[in-house]
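**Student:** Sharing input17.tsv here; it has TSV, C-alpha atoms.
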chain	number	residue	atom	x	y	z
A	45	MET	CA	39.74	-9.15	8.56
A	46	GLU	CA	38.24	-6.33	6.52
A	47	GLU	CA	36.05	-4.09	8.63
A	48	LEU	CA	32.34	-4.57	7.90
A	49	ARG	CA	30.05	-1.57	8.01
A	50	TYR	CA	26.34	-1.84	7.25
A	51	LYS	CA	23.35	0.42	7.65
A	52	LEU	CA	20.54	-1.74	8.92
A	53	ASP	CA	17.83	0.38	7.32
A	54	LYS	CA	19.05	-0.98	3.94
A	55	PHE	CA	18.02	-4.50	4.88
A	56	GLU	CA	14.49	-5.81	4.85
A	57	GLY	CA	15.15	-7.96	7.91
A	58	PRO	CA	17.71	-10.10	9.74
A	59	LEU	CA	17.64	-12.86	7.10
A	60	ASP	CA	18.42	-10.28	4.43
A	61	LEU	CA	21.46	-9.13	6.41
A	62	LEU	CA	22.57	-12.71	6.99
A	63	LEU	CA	22.28	-13.54	3.28
A	64	THR	CA	24.44	-10.51	2.47
A	65	LEU	CA	27.13	-11.68	4.87
A	66	ILE	CA	27.08	-15.19	3.40
A	67	LYS	CA	27.36	-13.77	-0.12
A	68	LYS	CA	30.23	-11.51	0.91
A	69	ASN	CA	32.11	-14.47	2.43
A	70	LYS	CA	31.38	-16.52	-0.68
A	71	VAL	CA	30.12	-19.52	1.25
A	72	SER	CA	27.17	-21.87	0.80
A	73	ILE	CA	23.93	-21.52	2.71
A	74	TRP	CA	24.22	-25.24	3.52
A	75	ASP	CA	27.73	-24.93	4.95
A	76	ILE	CA	27.79	-21.68	6.92
A	77	PRO	CA	31.03	-20.91	8.83
A	78	ILE	CA	28.91	-20.15	11.87
A	79	VAL	CA	31.69	-18.69	14.06
A	80	GLU	CA	32.81	-16.06	11.52
A	81	ILE	CA	29.28	-15.24	10.32
A	82	THR	CA	27.98	-14.84	13.88
A	83	ASP	CA	30.81	-12.45	14.77
A	84	GLN	CA	30.16	-10.39	11.61
A	85	TYR	CA	26.43	-10.34	12.27
A	86	LEU	CA	26.88	-9.14	15.87
A	87	GLU	CA	29.25	-6.44	14.62
A	88	ALA	CA	26.71	-5.30	12.04
A	89	ILE	CA	23.86	-4.95	14.55
A	90	GLU	CA	25.99	-3.32	17.23
A	91	GLY	CA	23.99	-0.54	18.82
A	92	ILE	CA	20.74	-1.73	17.26
A	93	GLU	CA	18.94	-1.22	20.58
A	94	LYS	CA	19.37	2.51	20.12
A	95	SER	CA	18.10	2.57	16.52
A	96	GLU	CA	14.58	3.54	15.48
A	97	LEU	CA	13.93	0.48	13.32
A	98	ASP	CA	10.50	-1.11	13.71
A	99	ASN	CA	11.92	-4.67	13.53
A	100	THR	CA	14.91	-4.35	15.88
A	101	SER	CA	13.65	-7.27	17.96
A	102	GLU	CA	13.87	-9.58	14.90
A	103	PHE	CA	17.58	-8.77	14.45
A	104	ILE	CA	18.21	-9.50	18.13
A	105	VAL	CA	16.24	-12.78	18.04
A	106	LEU	CA	18.31	-14.03	15.10
A	107	ALA	CA	21.47	-12.94	16.90
A	108	SER	CA	20.53	-15.12	19.86
A	109	GLN	CA	19.85	-18.05	17.51
A	110	LEU	CA	23.25	-17.62	15.91
A	111	LEU	CA	24.92	-17.54	19.30
A	112	TYR	CA	23.07	-20.70	20.28
A	113	ILE	CA	24.17	-22.50	17.09
A	114	LYS	CA	27.72	-21.20	17.57
A	115	SER	CA	27.83	-22.59	21.10
A	116	LYS	CA	26.58	-25.99	19.92
A	117	MET	CA	29.18	-26.04	17.15
A	118	LEU	CA	31.97	-25.25	19.61
A	119	LEU	CA	30.96	-27.92	22.15
A	120	PRO	CA	32.72	-31.28	21.90
A	121	LYS	CA	30.69	-33.56	19.61
A	122	GLU	CA	29.44	-36.85	20.87
A	123	GLU	CA	29.85	-39.69	18.43
A	124	LYS	CA	26.26	-40.15	17.44
A	125	GLU	CA	25.37	-40.98	13.86
A	126	ASP	CA	21.88	-39.50	14.01
A	127	GLU	CA	22.90	-36.11	15.46
A	128	GLU	CA	21.50	-33.29	13.30
A	129	ASP	CA	23.53	-30.33	12.11
A	130	PRO	CA	22.41	-27.34	14.27
A	131	ARG	CA	22.74	-25.11	11.19
A	132	GLU	CA	20.20	-27.09	9.13
A	133	GLU	CA	17.03	-25.30	10.27
A	134	LEU	CA	18.62	-21.88	9.74
A	135	ALA	CA	19.91	-22.94	6.30
A	136	GLN	CA	16.40	-24.04	5.29
A	137	ARG	CA	14.93	-20.68	6.35
A	138	LEU	CA	17.62	-18.82	4.42
A	139	TYR	CA	17.01	-20.95	1.33
A	140	GLU	CA	13.26	-20.26	1.34
A	141	TYR	CA	13.83	-16.56	2.00
A	142	LYS	CA	16.30	-16.37	-0.89
A	143	LYS	CA	13.80	-17.99	-3.27
A	144	PHE	CA	11.04	-15.57	-2.29
A	145	LYS	CA	13.40	-12.61	-2.65
A	146	GLU	CA	14.49	-13.72	-6.14
A	147	ALA	CA	10.87	-14.22	-7.20
A	148	SER	CA	9.96	-10.79	-5.86
A	149	SER	CA	12.83	-9.24	-7.82
A	150	GLU	CA	11.68	-10.86	-11.07
A	151	MET	CA	8.11	-9.71	-10.52
A	152	ARG	CA	9.30	-6.17	-9.87
A	153	LYS	CA	11.14	-6.14	-13.22
A	154	SER	CA	7.95	-6.98	-15.09
A	155	GLU	CA	5.71	-4.80	-12.94
A	156	PHE	CA	5.06	-2.34	-15.76
A	157	SER	CA	5.33	-4.78	-18.63
A	158	SER	CA	2.26	-4.96	-20.85
A	159	ARG	CA	2.43	-8.76	-20.70
A	160	TYR	CA	1.03	-8.63	-17.21
A	161	MET	CA	-1.48	-5.84	-17.76
A	162	VAL	CA	-5.16	-6.44	-18.31
A	163	PHE	CA	-6.86	-4.00	-20.64
A	164	ARG	CA	-10.55	-3.39	-20.77
A	165	GLN	CA	-12.03	-3.98	-24.18
A	166	GLU	CA	-13.15	-0.89	-26.00
A	167	GLU	CA	-16.81	-0.07	-25.90
A	168	LYS	CA	-18.49	1.37	-28.94
A	169	ILE	CA	-20.68	4.27	-27.92
A	170	LYS	CA	-23.92	4.36	-29.81
A	171	PHE	CA	-25.41	7.76	-30.39
A	172	PRO	CA	-29.13	7.46	-31.01
A	173	VAL	CA	-30.31	9.34	-34.08
A	174	PRO	CA	-33.05	11.70	-32.91
A	175	GLU	CA	-36.38	11.18	-34.59
A	176	TYR	CA	-37.54	14.17	-36.58
A	177	SER	CA	-41.27	14.42	-35.93
A	178	ARG	CA	-42.11	17.89	-37.20
A	179	HIS	CA	-44.47	17.94	-40.19
A	180	HIS	CA	-43.88	20.43	-42.98
A	181	GLU	CA	-46.27	21.65	-45.58
A	182	LEU	CA	-45.23	21.60	-49.21
A	183	SER	CA	-45.52	25.37	-49.23
A	184	GLU	CA	-42.60	25.64	-46.78
A	185	LEU	CA	-40.28	23.78	-49.14
A	186	ALA	CA	-41.62	25.89	-52.01
A	187	ASP	CA	-40.86	29.04	-50.04
A	188	ALA	CA	-37.31	27.81	-49.43
A	189	PHE	CA	-36.88	27.16	-53.13
A	190	ASN	CA	-38.33	30.57	-54.03
A	191	SER	CA	-35.90	32.27	-51.65
A	192	ILE	CA	-32.94	30.48	-53.30
A	193	TYR	CA	-34.37	31.19	-56.75
A	194	GLN	CA	-34.83	34.94	-56.16
A	195	ARG	CA	-31.30	35.33	-54.78
A	196	ARG	CA	-29.95	33.47	-57.80
A	197	ILE	CA	-31.86	35.69	-60.25
A	198	ARG	CA	-30.43	38.84	-58.72
A	199	LYS	CA	-26.89	37.51	-59.20
A	200	ALA	CA	-27.35	35.56	-62.43
A	201	LYS	CA	-26.11	36.52	-65.88
A	202	PRO	CA	-28.64	36.83	-68.72
A	203	GLU	CA	-30.12	33.41	-69.48
A	204	LYS	CA	-30.21	31.74	-72.87
A	205	ARG	CA	-33.87	32.67	-73.32
A	206	ALA	CA	-32.75	36.30	-73.69
A	207	PHE	CA	-31.20	35.14	-76.96
A	208	SER	CA	-34.16	32.98	-77.95
A	209	GLY	CA	-34.22	34.66	-81.33
A	210	ILE	CA	-30.72	33.45	-81.95
A	211	VAL	CA	-30.66	30.02	-80.26
A	212	GLY	CA	-33.36	27.48	-79.50
A	213	ARG	CA	-35.21	27.11	-76.14
A	214	GLU	CA	-33.22	25.19	-73.48
A	215	LYS	CA	-34.78	21.84	-72.60
A	216	VAL	CA	-34.10	20.37	-69.14
A	217	SER	CA	-35.36	16.92	-68.12
A	218	VAL	CA	-36.60	16.29	-64.56
A	219	ASP	CA	-35.13	12.79	-64.86
A	220	ASP	CA	-31.73	14.35	-65.50
A	221	MET	CA	-32.10	16.42	-62.34
A	222	VAL	CA	-33.13	13.31	-60.36
A	223	GLU	CA	-29.87	11.74	-61.48
A	224	LYS	CA	-28.04	14.92	-60.45
A	225	VAL	CA	-29.59	14.84	-56.94
A	226	CYS	CA	-28.74	11.15	-56.60
A	227	LYS	CA	-25.10	11.82	-57.45
A	228	ILE	CA	-24.92	14.56	-54.83
A	229	LEU	CA	-26.47	12.32	-52.14
A	230	ARG	CA	-24.16	9.44	-52.99
A	231	ARG	CA	-21.21	11.71	-52.19
A	232	SER	CA	-22.77	13.09	-49.01
A	233	ARG	CA	-25.76	11.46	-47.34
A	234	ARG	CA	-27.01	14.75	-45.89
A	235	VAL	CA	-26.88	18.08	-47.72
A	236	GLU	CA	-28.49	21.48	-47.39
A	237	PHE	CA	-31.31	22.10	-49.82
A	238	LYS	CA	-29.57	25.12	-51.34
A	239	THR	CA	-26.49	23.05	-52.28
A	240	LEU	CA	-28.60	21.12	-54.84
A	241	PHE	CA	-28.58	24.20	-57.03
A	242	GLY	CA	-25.33	25.05	-58.77
A	243	GLU	CA	-24.12	28.63	-59.14
A	244	ASN	CA	-24.38	28.43	-62.93
A	245	ASP	CA	-27.74	26.62	-63.05
A	246	SER	CA	-30.21	28.26	-65.40
A	247	ARG	CA	-33.82	28.96	-64.44
A	248	PRO	CA	-35.11	25.80	-66.20
A	249	GLU	CA	-32.41	23.72	-64.43
A	250	MET	CA	-33.37	25.14	-61.05
A	251	ILE	CA	-37.07	24.50	-61.61
A	252	ALA	CA	-36.38	20.97	-62.89
A	253	THR	CA	-34.17	20.29	-59.84
A	254	PHE	CA	-36.94	21.48	-57.51
A	255	LEU	CA	-39.47	19.26	-59.29
A	256	ALA	CA	-36.99	16.35	-59.03
A	257	VAL	CA	-36.77	16.89	-55.26
A	258	LEU	CA	-40.57	16.92	-54.94
A	259	GLU	CA	-40.85	13.75	-57.01
A	260	MET	CA	-38.20	11.94	-54.94
A	261	ILE	CA	-39.89	12.98	-51.67
A	262	LYS	CA	-43.19	11.70	-53.06
A	263	LEU	CA	-41.57	8.36	-53.89
A	264	ASN	CA	-39.97	8.26	-50.39
A	265	ARG	CA	-36.47	8.14	-51.84
A	266	ILE	CA	-35.37	11.24	-49.94
A	267	ARG	CA	-36.62	13.25	-47.00
A	268	ALA	CA	-36.46	16.94	-46.10
A	269	ASP	CA	-35.98	18.02	-42.46
A	270	TYR	CA	-35.76	21.63	-41.38
A	271	ASP	CA	-32.56	22.64	-39.54
A	272	GLU	CA	-32.97	25.55	-37.12
A	273	GLY	CA	-29.21	26.15	-37.03
A	274	SER	CA	-28.71	26.73	-40.75
A	275	GLY	CA	-32.22	27.98	-41.47
A	276	ASP	CA	-32.45	25.58	-44.39
A	277	PHE	CA	-33.94	22.18	-45.15
A	278	ILE	CA	-31.60	19.19	-44.88
A	279	ILE	CA	-32.05	16.69	-47.69
A	280	SER	CA	-31.11	13.10	-46.89
A	281	GLY	CA	-31.63	9.70	-48.48
A	282	SER	CA	-34.44	7.61	-47.02
A	283	GLY	CA	-32.77	4.42	-48.24
A	284	ARG	CA	-30.18	3.29	-50.77
A	285	ILE	CA	-29.56	5.93	-53.40
A	286	PRO	CA	-29.71	4.15	-56.78
A	287	GLU	CA	-26.79	4.32	-59.17
A	288	ALA	CA	-27.08	6.56	-62.16
Kindly return the structure encoded in the file as structure tokens.
**Tutor:**
Amino acid sequence: MEELRYKLDKFEGPLDLLLTLIKKNKVSIWDIPIVEITDQYLEAIEGIEKSELDNTSEFIVLASQLLYIKSKMLLPKEEKEDEEDPREELAQRLYEYKKFKEASSEMRKSEFSSRYMVFRQEEKIKFPVPEYSRHHELSELADAFNSIYQRRIRKAKPEKRAFSGIVGREKVSVDDMVEKVCKILRRSRRVEFKTLFGENDSRPEMIATFLAVLEMIKLNRIRADYDEGSGDFIISGSGRIPEA
């Protein structure tokens, strides 16, 4: 017979070792060749008393059970129809153990599968919009406009009025500038006050734009809040910005 060598620390317990022996001998759990299996089991656990396994007593207990069953199998059988097979109880334990082991193996395969993971639903974090309670005088917005206007004059090219003898006076409608502001706010709901004035805006266009802003604030269509970080007023829509 081929020599059997096993390391007991590879087995989860005595039933695990016994199942391995049965599988190696290619026999059924329900028809165990008890003499051969018992001898192989005893050989496998030889010297177990000297090992450092925590469950050494379990291996020895099963060994004694196998020896008991072996002795009953070797005794002459009395002719009794209702005599039970001494291997039946052991076979039932092995069968149940095998089922649990197979189930455990299947669960281990799917341990990290997303099918068996529970995910917490995402939570939408609401950031409260801080209320702007500071009150500004009209003169502050006028000062902001004057500052933008003076910087623009220093950089601007000669306006059309310098050629008033050649061409007619430029006419700019406040309504046109209201439409211009609305277009800007439809693209971006919050803009700095200075961005309402284009680099090539003439003096009449700048003044008309400023008047358009004042008119829209008066009608509560936009609001102006001072931003300490940029040092400028932030213009934002108070409601739906109408289409042009």
**Student:** Just want the 12 Å neighbourhood of range 181-198 of chain A, counted on only C-alpha atoms, with same-chain residues fewer than 3 positions away dropped. Output as a VMD selection string.
**Tutor:** chain A and resid 178 201 to 203 236 to 255 257 to 259 261 to 262 267 to 270 275 to 279
**Student:** For those residues, write C-alpha atoms to a file as an mmCIF file, keeping the file's coordinate frame.
**Tutor:**
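The file below, selection_17.cif, is the result:
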data_model
loop_
_atom_site.group_PDB
_atom_site.id
_atom_site.type_symbol
_atom_site.label_atom_id
_atom_site.label_comp_id
_atom_site.auth_asym_id
_atom_site.auth_seq_id
_atom_site.Cartn_x
_atom_site.Cartn_y
_atom_site.Cartn_z
ATOM 1 C CA ARG A 178 -42.110 17.890 -37.200
ATOM 2 C CA LYS A 201 -26.110 36.520 -65.880
ATOM 3 C CA PRO A 202 -28.640 36.830 -68.720
ATOM 4 C CA GLU A 203 -30.120 33.410 -69.480
ATOM 5 C CA GLU A 236 -28.490 21.480 -47.390
ATOM 6 C CA PHE A 237 -31.310 22.100 -49.820
ATOM 7 C CA LYS A 238 -29.570 25.120 -51.340
ATOM 8 C CA THR A 239 -26.490 23.050 -52.280
ATOM 9 C CA LEU A 240 -28.600 21.120 -54.840
ATOM 10 C CA PHE A 241 -28.580 24.200 -57.030
ATOM 11 C CA GLY A 242 -25.330 25.050 -58.770
ATOM 12 C CA GLU A 243 -24.120 28.630 -59.140
ATOM 13 C CA ASN A 244 -24.380 28.430 -62.930
ATOM 14 C CA ASP A 245 -27.740 26.620 -63.050
ATOM 15 C CA SER A 246 -30.210 28.260 -65.400
ATOM 16 C CA ARG A 247 -33.820 28.960 -64.440
ATOM 17 C CA PRO A 248 -35.110 25.800 -66.200
ATOM 18 C CA GLU A 249 -32.410 23.720 -64.430
ATOM 19 C CA MET A 250 -33.370 25.140 -61.050
ATOM 20 C CA ILE A 251 -37.070 24.500 -61.610
ATOM 21 C CA ALA A 252 -36.380 20.970 -62.890
ATOM 22 C CA THR A 253 -34.170 20.290 -59.840
ATOM 23 C CA PHE A 254 -36.940 21.480 -57.510
ATOM 24 C CA LEU A 255 -39.470 19.260 -59.290
ATOM 25 C CA VAL A 257 -36.770 16.890 -55.260
ATOM 26 C CA LEU A 258 -40.570 16.920 -54.940
ATOM 27 C CA GLU A 259 -40.850 13.750 -57.010
ATOM 28 C CA ILE A 261 -39.890 12.980 -51.670
ATOM 29 C CA LYS A 262 -43.190 11.700 -53.060
ATOM 30 C CA ARG A 267 -36.620 13.250 -47.000
ATOM 31 C CA ALA A 268 -36.460 16.940 -46.100
ATOM 32 C CA ASP A 269 -35.980 18.020 -42.460
ATOM 33 C CA TYR A 270 -35.760 21.630 -41.380
ATOM 34 C CA GLY A 275 -32.220 27.980 -41.470
ATOM 35 C CA ASP A 276 -32.450 25.580 -44.390
ATOM 36 C CA PHE A 277 -33.940 22.180 -45.150
ATOM 37 C CA ILE A 278 -31.600 19.190 -44.880
ATOM 38 C CA ILE A 279 -32.050 16.690 -47.690
#
**Student:** With distances taken over only C-alpha atoms, which of A:Ser280, A:Thr64, A:Gln109, A:Ser274 is nearest to Arg234 in chain A?
**Tutor:**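 Using only C-alpha atoms, the shortest distance to Arg234 in chain A belongs to A:Ser280.
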**Student:** Record the distance separating CA of Val79 in chain A and CA of Ala135 in chain A, expressed in Å with one decimal.
**Tutor:**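 Those two atoms sit 14.7 Å apart.
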**Student:** Rounded to one decimal in Å, what is the spacing between CA of Ser149 in chain A and CA of Gln84 in chain A?
**Tutor:**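 CA of Ser149 in chain A sits 26.1 Å away from CA of Gln84 in chain A.
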**Student:** CA of Lys227 in chain A and CA of Glu272 in chain A are how many Å apart?
**Tutor:**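 CA of Glu272 in chain A lies 25.8 Å from CA of Lys227 in chain A.
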